[in-house]
>>> print(open('entry.pdb').read())   # PDB, C-alpha atoms
ATOM      1  CA  MET V   1      12.292 174.391 139.569
ATOM      2  CA  LYS V   2       9.059 173.773 141.457
ATOM      3  CA  LYS V   3       7.849 171.621 138.567
ATOM      4  CA  TYR V   4      10.938 169.391 138.811
ATOM      5  CA  LEU V   5      10.663 169.097 142.581
ATOM      6  CA  GLN V   6       7.055 167.995 142.174
ATOM      7  CA  GLN V   7       7.910 165.604 139.350
ATOM      8  CA  PHE V   8      10.784 163.943 141.245
ATOM      9  CA  ARG V   9       9.157 164.125 144.681
ATOM     10  CA  PRO V  10       8.821 160.319 145.156
ATOM     11  CA  PHE V  11      12.498 159.834 144.340
ATOM     12  CA  LEU V  12      13.586 162.698 146.577
ATOM     13  CA  VAL V  13      11.469 161.397 149.461
ATOM     14  CA  PHE V  14      12.916 157.910 148.997
ATOM     15  CA  ILE V  15      16.532 159.079 148.809
ATOM     16  CA  SER V  16      16.244 161.438 151.785
ATOM     17  CA  THR V  17      14.439 158.824 153.914
ATOM     18  CA  PHE V  18      16.985 156.168 152.975
ATOM     19  CA  PHE V  19      19.994 158.342 153.822
ATOM     20  CA  ALA V  20      18.418 159.662 157.021
ATOM     21  CA  ALA V  21      17.654 156.121 158.229
ATOM     22  CA  TYR V  22      21.081 154.866 157.148
ATOM     23  CA  ILE V  23      22.905 157.684 158.927
ATOM     24  CA  ILE V  24      20.832 157.331 162.115
ATOM     25  CA  PHE V  25      21.233 153.533 162.302
ATOM     26  CA  THR V  26      24.960 153.796 161.543
ATOM     27  CA  LEU V  27      25.469 156.453 164.229
ATOM     28  CA  VAL V  28      23.571 154.355 166.792
ATOM     29  CA  TYR V  29      25.705 151.340 165.871
ATOM     30  CA  ARG V  30      28.914 153.409 166.148
ATOM     31  CA  LEU V  31      27.811 154.635 169.591
ATOM     32  CA  TYR V  32      27.274 150.995 170.571
ATOM     33  CA  LEU V  33      30.756 150.037 169.296
ATOM     34  CA  ASN V  34      32.345 152.955 171.182
ATOM     35  CA  ASN V  35      31.348 151.238 174.438
ATOM     36  CA  PHE V  36      34.042 148.618 173.842
ATOM     37  CA  GLU V  37      37.761 148.975 174.429
ATOM     38  CA  THR V  38      40.075 149.008 171.410
ATOM     39  CA  ASN V  39      41.045 145.343 171.734
ATOM     40  CA  ASP V  40      37.627 144.119 172.906
ATOM     41  CA  ILE V  41      35.150 142.184 170.799
ATOM     42  CA  ASP V  42      31.668 143.681 170.706
ATOM     43  CA  GLY V  43      28.727 141.676 172.021
ATOM     44  CA  ILE V  44      27.088 141.085 168.645
ATOM     45  CA  THR V  45      30.278 139.630 167.162
ATOM     46  CA  ASN V  46      30.642 137.409 170.244
ATOM     47  CA  ILE V  47      27.099 136.102 169.744
ATOM     48  CA  VAL V  48      27.810 135.467 166.046
ATOM     49  CA  GLY V  49      30.892 133.474 167.063
ATOM     50  CA  GLN V  50      28.853 131.443 169.576
ATOM     51  CA  ASN V  51      26.171 130.749 166.971
ATOM     52  CA  VAL V  52      28.750 129.638 164.388
ATOM     53  CA  HIS V  53      30.252 127.335 167.018
ATOM     54  CA  GLN V  54      26.805 125.891 167.867
ATOM     55  CA  LEU V  55      25.932 125.352 164.206
ATOM     56  CA  MET V  56      29.202 123.596 163.442
ATOM     57  CA  GLN V  57      28.901 121.407 166.534
ATOM     58  CA  LEU V  58      25.401 120.482 165.401
ATOM     59  CA  PHE V  59      27.113 118.832 162.415
ATOM     60  CA  ASN V  60      29.745 117.193 164.656
ATOM     61  CA  CYS V  61      32.549 119.432 163.434
ATOM     62  CA  ASP V  62      35.751 119.669 165.445
ATOM     63  CA  VAL V  63      35.598 123.413 166.038
ATOM     64  CA  LYS V  64      36.985 125.819 168.619
ATOM     65  CA  ILE V  65      36.447 129.544 168.773
ATOM     66  CA  ILE V  66      39.074 131.420 170.761
ATOM     67  CA  LYS V  67      39.383 135.131 171.505
ATOM     68  CA  SER V  68      42.508 136.529 169.894
ATOM     69  CA  ILE V  69      45.037 138.149 172.210
ATOM     70  CA  SER V  70      46.551 140.385 169.543
ATOM     71  CA  ASN V  71      43.441 141.994 167.990
ATOM     72  CA  PRO V  72      39.667 142.283 168.486
ATOM     73  CA  SER V  73      38.690 139.064 166.768
ATOM     74  CA  LEU V  74      37.666 135.486 167.343
ATOM     75  CA  GLN V  75      39.851 132.756 165.905
ATOM     76  CA  LEU V  76      37.980 129.821 164.414
ATOM     77  CA  TRP V  77      39.925 126.564 164.601
ATOM     78  CA  TYR V  78      38.557 123.754 162.469
ATOM     79  CA  ASN V  79      40.079 120.254 162.807
ATOM     80  CA  ASN V  80      42.850 121.778 164.961
ATOM     81  CA  LYS V  81      43.829 124.234 162.224
ATOM     82  CA  TYR V  82      43.392 128.005 162.455
ATOM     83  CA  THR V  83      41.020 128.586 159.569
ATOM     84  CA  LEU V  84      39.565 132.084 159.837
ATOM     85  CA  ARG V  85      38.933 134.982 162.139
ATOM     86  CA  ILE V  86      35.620 136.600 162.946
ATOM     87  CA  ILE V  87      35.851 140.380 163.281
ATOM     88  CA  GLU V  88      33.241 143.081 163.851
ATOM     89  CA  GLY V  89      32.659 143.356 160.089
ATOM     90  CA  CYS V  90      31.612 139.692 159.966
ATOM     91  CA  ASN V  91      28.541 140.159 162.148
ATOM     92  CA  ALA V  92      26.394 141.417 159.230
ATOM     93  CA  VAL V  93      25.200 144.498 161.126
ATOM     94  CA  SER V  94      26.250 146.807 158.277
ATOM     95  CA  VAL V  95      24.274 144.674 155.812
ATOM     96  CA  ILE V  96      21.280 144.693 158.164
ATOM     97  CA  ILE V  97      21.483 148.495 158.466
ATOM     98  CA  LEU V  98      21.487 148.786 154.669
ATOM     99  CA  PHE V  99      18.500 146.421 154.407
ATOM    100  CA  VAL V 100      16.455 148.172 157.109
ATOM    101  CA  SER V 101      17.210 151.619 155.669
ATOM    102  CA  PHE V 102      15.964 150.572 152.244
ATOM    103  CA  ILE V 103      12.772 148.976 153.595
ATOM    104  CA  THR V 104      12.154 152.069 155.743
ATOM    105  CA  ALA V 105      12.534 154.314 152.700
ATOM    106  CA  PHE V 106      10.074 152.162 150.736
ATOM    107  CA  ALA V 107       7.763 151.601 153.694
ATOM    108  CA  GLY V 108       4.309 150.170 153.297
ATOM    109  CA  LYS V 109       1.747 149.618 156.002
ATOM    110  CA  LEU V 110       3.391 149.986 159.415
ATOM    111  CA  LYS V 111       2.633 146.478 160.691
ATOM    112  CA  THR V 112       3.705 144.826 157.415
ATOM    113  CA  THR V 113       6.877 146.916 157.298
ATOM    114  CA  ILE V 114       7.850 145.973 160.855
ATOM    115  CA  TYR V 115       7.175 142.266 160.262
ATOM    116  CA  PHE V 116       9.130 142.272 157.023
ATOM    117  CA  ILE V 117      12.070 144.052 158.659
ATOM    118  CA  LEU V 118      12.101 141.512 161.502
ATOM    119  CA  PHE V 119      11.843 138.613 159.045
ATOM    120  CA  GLY V 120      14.593 140.049 156.837
ATOM    121  CA  VAL V 121      16.944 140.778 159.743
ATOM    122  CA  PHE V 122      16.454 137.225 161.049
ATOM    123  CA  LEU V 123      17.044 135.719 157.597
ATOM    124  CA  ILE V 124      20.184 137.812 156.982
ATOM    125  CA  TYR V 125      21.541 136.908 160.424
ATOM    126  CA  VAL V 126      20.927 133.164 159.963
ATOM    127  CA  LEU V 127      22.413 133.193 156.445
ATOM    128  CA  ASN V 128      25.448 135.004 157.828
ATOM    129  CA  ILE V 129      25.989 132.322 160.485
ATOM    130  CA  ILE V 130      25.715 129.615 157.798
ATOM    131  CA  ARG V 131      28.044 131.645 155.549
ATOM    132  CA  ILE V 132      30.783 131.830 158.192
ATOM    133  CA  ALA V 133      30.496 128.119 159.040
ATOM    134  CA  LEU V 134      30.655 127.105 155.356
ATOM    135  CA  LEU V 135      33.529 129.489 154.769
ATOM    136  CA  ALA V 136      35.480 127.836 157.597
ATOM    137  CA  VAL V 137      34.993 124.369 156.120
ATOM    138  CA  LEU V 138      35.787 125.496 152.577
ATOM    139  CA  LEU V 139      38.878 127.464 153.640
ATOM    140  CA  PHE V 140      40.100 124.419 155.531
ATOM    141  CA  ARG V 141      39.766 122.294 152.386
ATOM    142  CA  PHE V 142      40.706 124.939 149.798
ATOM    143  CA  PRO V 143      42.901 127.602 151.475
ATOM    144  CA  GLU V 144      44.235 128.717 148.087
ATOM    145  CA  LYS V 145      40.689 129.795 147.093
ATOM    146  CA  GLU V 146      40.376 132.328 149.935
ATOM    147  CA  HIS V 147      40.061 135.343 147.642
ATOM    148  CA  ILE V 148      37.258 133.897 145.546
ATOM    149  CA  LEU V 149      35.414 132.393 148.552
ATOM    150  CA  HIS V 150      35.717 135.285 150.999
ATOM    151  CA  GLY V 151      35.960 138.155 148.557
ATOM    152  CA  VAL V 152      33.489 137.141 145.843
ATOM    153  CA  LEU V 153      31.238 134.131 146.464
ATOM    154  CA  PHE V 154      30.102 134.731 150.025
ATOM    155  CA  PRO V 155      29.501 138.508 149.658
ATOM    156  CA  LEU V 156      27.530 137.680 146.509
ATOM    157  CA  ILE V 157      25.353 135.293 148.521
ATOM    158  CA  ILE V 158      24.593 137.708 151.368
ATOM    159  CA  TYR V 159      24.072 140.773 149.163
ATOM    160  CA  GLY V 160      22.124 138.638 146.696
ATOM    161  CA  LEU V 161      19.699 137.709 149.483
ATOM    162  CA  VAL V 162      19.313 141.365 150.448
ATOM    163  CA  PHE V 163      18.650 142.300 146.834
ATOM    164  CA  ILE V 164      16.022 139.540 146.480
ATOM    165  CA  LEU V 165      14.330 140.703 149.694
ATOM    166  CA  TRP V 166      14.312 144.299 148.410
ATOM    167  CA  VAL V 167      12.801 143.327 145.057
ATOM    168  CA  PHE V 168      10.175 141.190 146.790
ATOM    169  CA  TRP V 169       9.346 144.032 149.183
ATOM    170  CA  VAL V 170       9.055 146.723 146.510
ATOM    171  CA  ASN V 171       6.883 144.548 144.265
ATOM    172  CA  LYS V 172       4.582 143.111 146.938
ATOM    173  CA  PHE V 173       4.313 145.342 149.998
ATOM    174  CA  SER V 174       5.718 148.846 149.592
ATOM    175  CA  LYS V 175       3.439 151.793 148.990
ATOM    176  CA  TYR V 176       4.870 151.911 145.458
ATOM    177  CA  ALA V 177       3.855 148.333 144.671
ATOM    178  CA  LYS V 178       0.620 149.426 143.063
TER     179      LYS V 178
END
>>> encode(input="entry.pdb", output="structure tokens")
Amino acid sequence: MKKYLQQFRPFLVFISTFFAAYIIFTLVYRLYLNNFETNDIDGITNIVGQNVHQLMQLFNCDVKIIKSISNPSLQLWYNNKYTLRIIEGCNAVSVIILFVSFITAFAGKLKTTIYFILFGVFLIYVLNIIRIALLAVLLFRFPEKEHILHGVLFPLIIYGLVFILWVFWVNKFSKYAK
């Protein structure tokens, strides 16, 4: 048994570090969310909504973002048509937690790891804002394609970016790169 523990030590260290980081970050995020009433929108989701609004206005889009009265969401109105809603799950925090947990588990030099995490979080956040804005425009034009756009294409884009960042990190900067 000791032989197998020694042989699979790198994998066991990775998997335990990943799950520990993931659980800790998720618990901290849940504690943050518990500060909001049941029908309230959390601060991060509000900021995402503001950023989507700013981005779309930058391109002269007729856009309004209104807090829903019936549930904790933001309604995005594009060209005076209710196009989509932004909920807590749209703020990309869960994707960011997954990304940071993986990078933490495959950490390299401390300074490089911190910079890469900050860069990756920023990139994921910006891509998410662009994703929501594009989704609004595409759902306005092609509402019948909601399943493929929201359920397949856009998750593929955001998780594809995370995967590319992971591969880049493991091959260039992690302690396992050599």
>>> resolve_selection(input="entry.pdb", expression="the PyMOL selection byres ((chain V and resi 131) around 10)", output="mmCIF file with C-alpha atoms, keeping the file's coordinate frame")
data_model
loop_
_atom_site.group_PDB
_atom_site.id
_atom_site.type_symbol
_atom_site.label_atom_id
_atom_site.label_comp_id
_atom_site.auth_asym_id
_atom_site.auth_seq_id
_atom_site.Cartn_x
_atom_site.Cartn_y
_atom_site.Cartn_z
ATOM 1 C CA VAL V 52 28.750 129.638 164.388
ATOM 2 C CA CYS V 90 31.612 139.692 159.966
ATOM 3 C CA TYR V 125 21.541 136.908 160.424
ATOM 4 C CA VAL V 126 20.927 133.164 159.963
ATOM 5 C CA LEU V 127 22.413 133.193 156.445
ATOM 6 C CA ASN V 128 25.448 135.004 157.828
ATOM 7 C CA ILE V 129 25.989 132.322 160.485
ATOM 8 C CA ILE V 130 25.715 129.615 157.798
ATOM 9 C CA ILE V 132 30.783 131.830 158.192
ATOM 10 C CA ALA V 133 30.496 128.119 159.040
ATOM 11 C CA LEU V 134 30.655 127.105 155.356
ATOM 12 C CA LEU V 135 33.529 129.489 154.769
ATOM 13 C CA ALA V 136 35.480 127.836 157.597
ATOM 14 C CA HIS V 150 35.717 135.285 150.999
ATOM 15 C CA LEU V 153 31.238 134.131 146.464
ATOM 16 C CA PHE V 154 30.102 134.731 150.025
ATOM 17 C CA PRO V 155 29.501 138.508 149.658
ATOM 18 C CA ILE V 157 25.353 135.293 148.521
ATOM 19 C CA ILE V 158 24.593 137.708 151.368
#
>>> resolve_selection(input="entry.pdb", expression="the PyMOL selection byres ((chain V and resi 103) around 12)", output="number ranges by chain")
V: 14-15, 17-19, 21-22, 96-102, 104-110, 112-121, 162-163, 165-171, 173-176
>>> residues_around(input="entry.pdb", residues="Ile87 of chain V", least_positions_apart="3", cutoff="7 Å", atoms="all atoms listed in the file", output="PyMOL selection string")
chain V and resi 45+72-74+90
>>> resolve_selection(input="entry.pdb", expression="the PyMOL selection byres ((chain V and resi 46) around 9)", output="ChimeraX atom specification")
/V:41-45,47-51,73-74,86,88,91
>>> residues_near_point(input="entry.pdb", point="(41.1, 130.3, 169.9)", cutoff="7 Å", atoms="all atoms listed in the file", output="list in words")
Lys64, Ile65, Ile66, Lys67, Ser68, Leu74, Gln75, Leu76 and Trp77 of chain V
>>> write_last_selection(input="entry.pdb", atoms="C-alpha atoms", output="short mmCIF file (atom, residue, chain, number, x, y, z; two decimals), in the coordinates of the input")
data_model
loop_
_atom_site.label_atom_id
_atom_site.label_comp_id
_atom_site.auth_asym_id
_atom_site.auth_seq_id
_atom_site.Cartn_x
_atom_site.Cartn_y
_atom_site.Cartn_z
CA LYS V 64 36.98 125.82 168.62
CA ILE V 65 36.45 129.54 168.77
CA ILE V 66 39.07 131.42 170.76
CA LYS V 67 39.38 135.13 171.50
CA SER V 68 42.51 136.53 169.89
CA LEU V 74 37.67 135.49 167.34
CA GLN V 75 39.85 132.76 165.90
CA LEU V 76 37.98 129.82 164.41
CA TRP V 77 39.92 126.56 164.60
#
>>> atom_distance(input="entry.pdb", atom1="atom CA of Leu27 of chain V", atom2="atom CA of Asn71 of chain V")
23.4 Å
>>> atom_distance(input="entry.pdb", atom1="atom CA of Arg9 of chain V", atom2="atom CA of Phe25 of chain V")
23.8 Å
>>> closest_residue(input="entry.pdb", among="V:Leu138, V:Ile124, V:Leu5, V:Leu31", to="Gly160 of chain V", atoms="all atoms listed in the file")
V:Ile124
>>> atom_distance(input="entry.pdb", atom1="atom CA of Val93 of chain V", atom2="atom CA of Ile23 of chain V")
13.6 Å
>>> closest_residue(input="entry.pdb", among="V:Asn79, V:Leu123, V:Ser94, V:Val137", to="Val28 of chain V", atoms="only C-alpha atoms")
V:Ser94
>>> decode(input="entry.pdb", residues="segment 21-92 of chain V", atoms="C-alpha atoms", output="mmCIF file, in the first residue's frame")
data_model
loop_
_atom_site.group_PDB
_atom_site.id
_atom_site.type_symbol
_atom_site.label_atom_id
_atom_site.label_comp_id
_atom_site.auth_asym_id
_atom_site.auth_seq_id
_atom_site.Cartn_x
_atom_site.Cartn_y
_atom_site.Cartn_z
ATOM 1 C CA ALA V 21 -9.562 24.744 -2.653
ATOM 2 C CA TYR V 22 -12.846 24.133 -4.480
ATOM 3 C CA ILE V 23 -14.739 23.402 -1.268
ATOM 4 C CA ILE V 24 -13.241 26.394 0.573
ATOM 5 C CA PHE V 25 -13.926 28.856 -2.270
ATOM 6 C CA THR V 26 -17.453 27.486 -2.734
ATOM 7 C CA LEU V 27 -18.210 27.767 0.992
ATOM 8 C CA VAL V 28 -16.902 31.352 1.079
ATOM 9 C CA TYR V 29 -19.058 32.189 -1.944
ATOM 10 C CA ARG V 30 -22.121 30.554 -0.330
ATOM 11 C CA LEU V 31 -21.511 32.583 2.846
ATOM 12 C CA TYR V 32 -21.391 35.706 0.673
ATOM 13 C CA LEU V 33 -24.676 34.752 -1.049
ATOM 14 C CA ASN V 34 -26.348 34.080 2.320
ATOM 15 C CA ASN V 35 -26.014 37.799 3.094
ATOM 16 C CA PHE V 36 -28.747 38.539 0.553
ATOM 17 C CA GLU V 37 -32.479 38.131 1.010
ATOM 18 C CA THR V 38 -34.263 35.428 -0.985
ATOM 19 C CA ASN V 39 -35.521 37.814 -3.668
ATOM 20 C CA ASP V 40 -32.431 40.051 -3.704
ATOM 21 C CA ILE V 41 -29.782 40.089 -6.405
ATOM 22 C CA ASP V 42 -26.237 39.666 -5.129
ATOM 23 C CA GLY V 43 -23.693 42.422 -5.704
ATOM 24 C CA ILE V 44 -21.570 40.509 -8.208
ATOM 25 C CA THR V 45 -24.568 39.759 -10.430
ATOM 26 C CA ASN V 46 -25.580 43.434 -10.226
ATOM 27 C CA ILE V 47 -22.101 44.474 -11.374
ATOM 28 C CA VAL V 48 -22.242 41.947 -14.234
ATOM 29 C CA GLY V 49 -25.577 43.452 -15.292
ATOM 30 C CA GLN V 50 -24.118 46.981 -15.177
ATOM 31 C CA ASN V 51 -21.101 45.894 -17.221
ATOM 32 C CA VAL V 52 -23.295 44.197 -19.841
ATOM 33 C CA HIS V 53 -25.359 47.387 -20.042
ATOM 34 C CA GLN V 54 -22.202 49.522 -20.451
ATOM 35 C CA LEU V 55 -20.784 47.231 -23.133
ATOM 36 C CA MET V 56 -23.999 47.202 -25.140
ATOM 37 C CA GLN V 57 -24.354 50.976 -24.870
ATOM 38 C CA LEU V 58 -20.788 51.290 -26.124
ATOM 39 C CA PHE V 59 -22.100 49.772 -29.372
ATOM 40 C CA ASN V 60 -25.168 52.058 -29.361
ATOM 41 C CA CYS V 61 -27.576 49.249 -28.539
ATOM 42 C CA ASP V 62 -31.039 50.084 -27.249
ATOM 43 C CA VAL V 63 -30.729 48.206 -23.968
ATOM 44 C CA LYS V 64 -32.350 48.416 -20.547
ATOM 45 C CA ILE V 65 -31.591 46.282 -17.538
ATOM 46 C CA ILE V 66 -34.372 46.166 -14.965
ATOM 47 C CA LYS V 67 -34.545 44.345 -11.636
ATOM 48 C CA SER V 68 -37.262 41.714 -11.728
ATOM 49 C CA ILE V 69 -40.019 42.025 -9.141
ATOM 50 C CA SER V 70 -40.922 38.340 -9.167
ATOM 51 C CA ASN V 71 -37.499 36.675 -8.744
ATOM 52 C CA PRO V 72 -33.845 37.508 -8.016
ATOM 53 C CA SER V 73 -32.823 38.394 -11.543
ATOM 54 C CA LEU V 74 -32.153 41.253 -13.899
ATOM 55 C CA GLN V 75 -34.255 41.509 -17.032
ATOM 56 C CA LEU V 76 -32.372 42.540 -20.150
ATOM 57 C CA TRP V 77 -34.539 44.402 -22.653
ATOM 58 C CA TYR V 78 -33.037 44.783 -26.104
ATOM 59 C CA ASN V 79 -34.829 46.983 -28.679
ATOM 60 C CA ASN V 80 -37.803 47.190 -26.280
ATOM 61 C CA LYS V 81 -38.154 43.403 -26.154
ATOM 62 C CA TYR V 82 -37.504 41.280 -23.065
ATOM 63 C CA THR V 83 -34.660 39.126 -24.315
ATOM 64 C CA LEU V 84 -33.032 37.376 -21.363
ATOM 65 C CA ARG V 85 -32.587 37.407 -17.635
ATOM 66 C CA ILE V 86 -29.347 37.562 -15.706
ATOM 67 C CA ILE V 87 -29.371 35.400 -12.579
ATOM 68 C CA GLU V 88 -26.711 34.575 -9.996
ATOM 69 C CA GLY V 89 -25.506 31.646 -12.126
ATOM 70 C CA CYS V 90 -24.706 34.034 -14.988
ATOM 71 C CA ASN V 91 -22.006 35.915 -13.095
ATOM 72 C CA ALA V 92 -19.332 33.272 -13.852
#
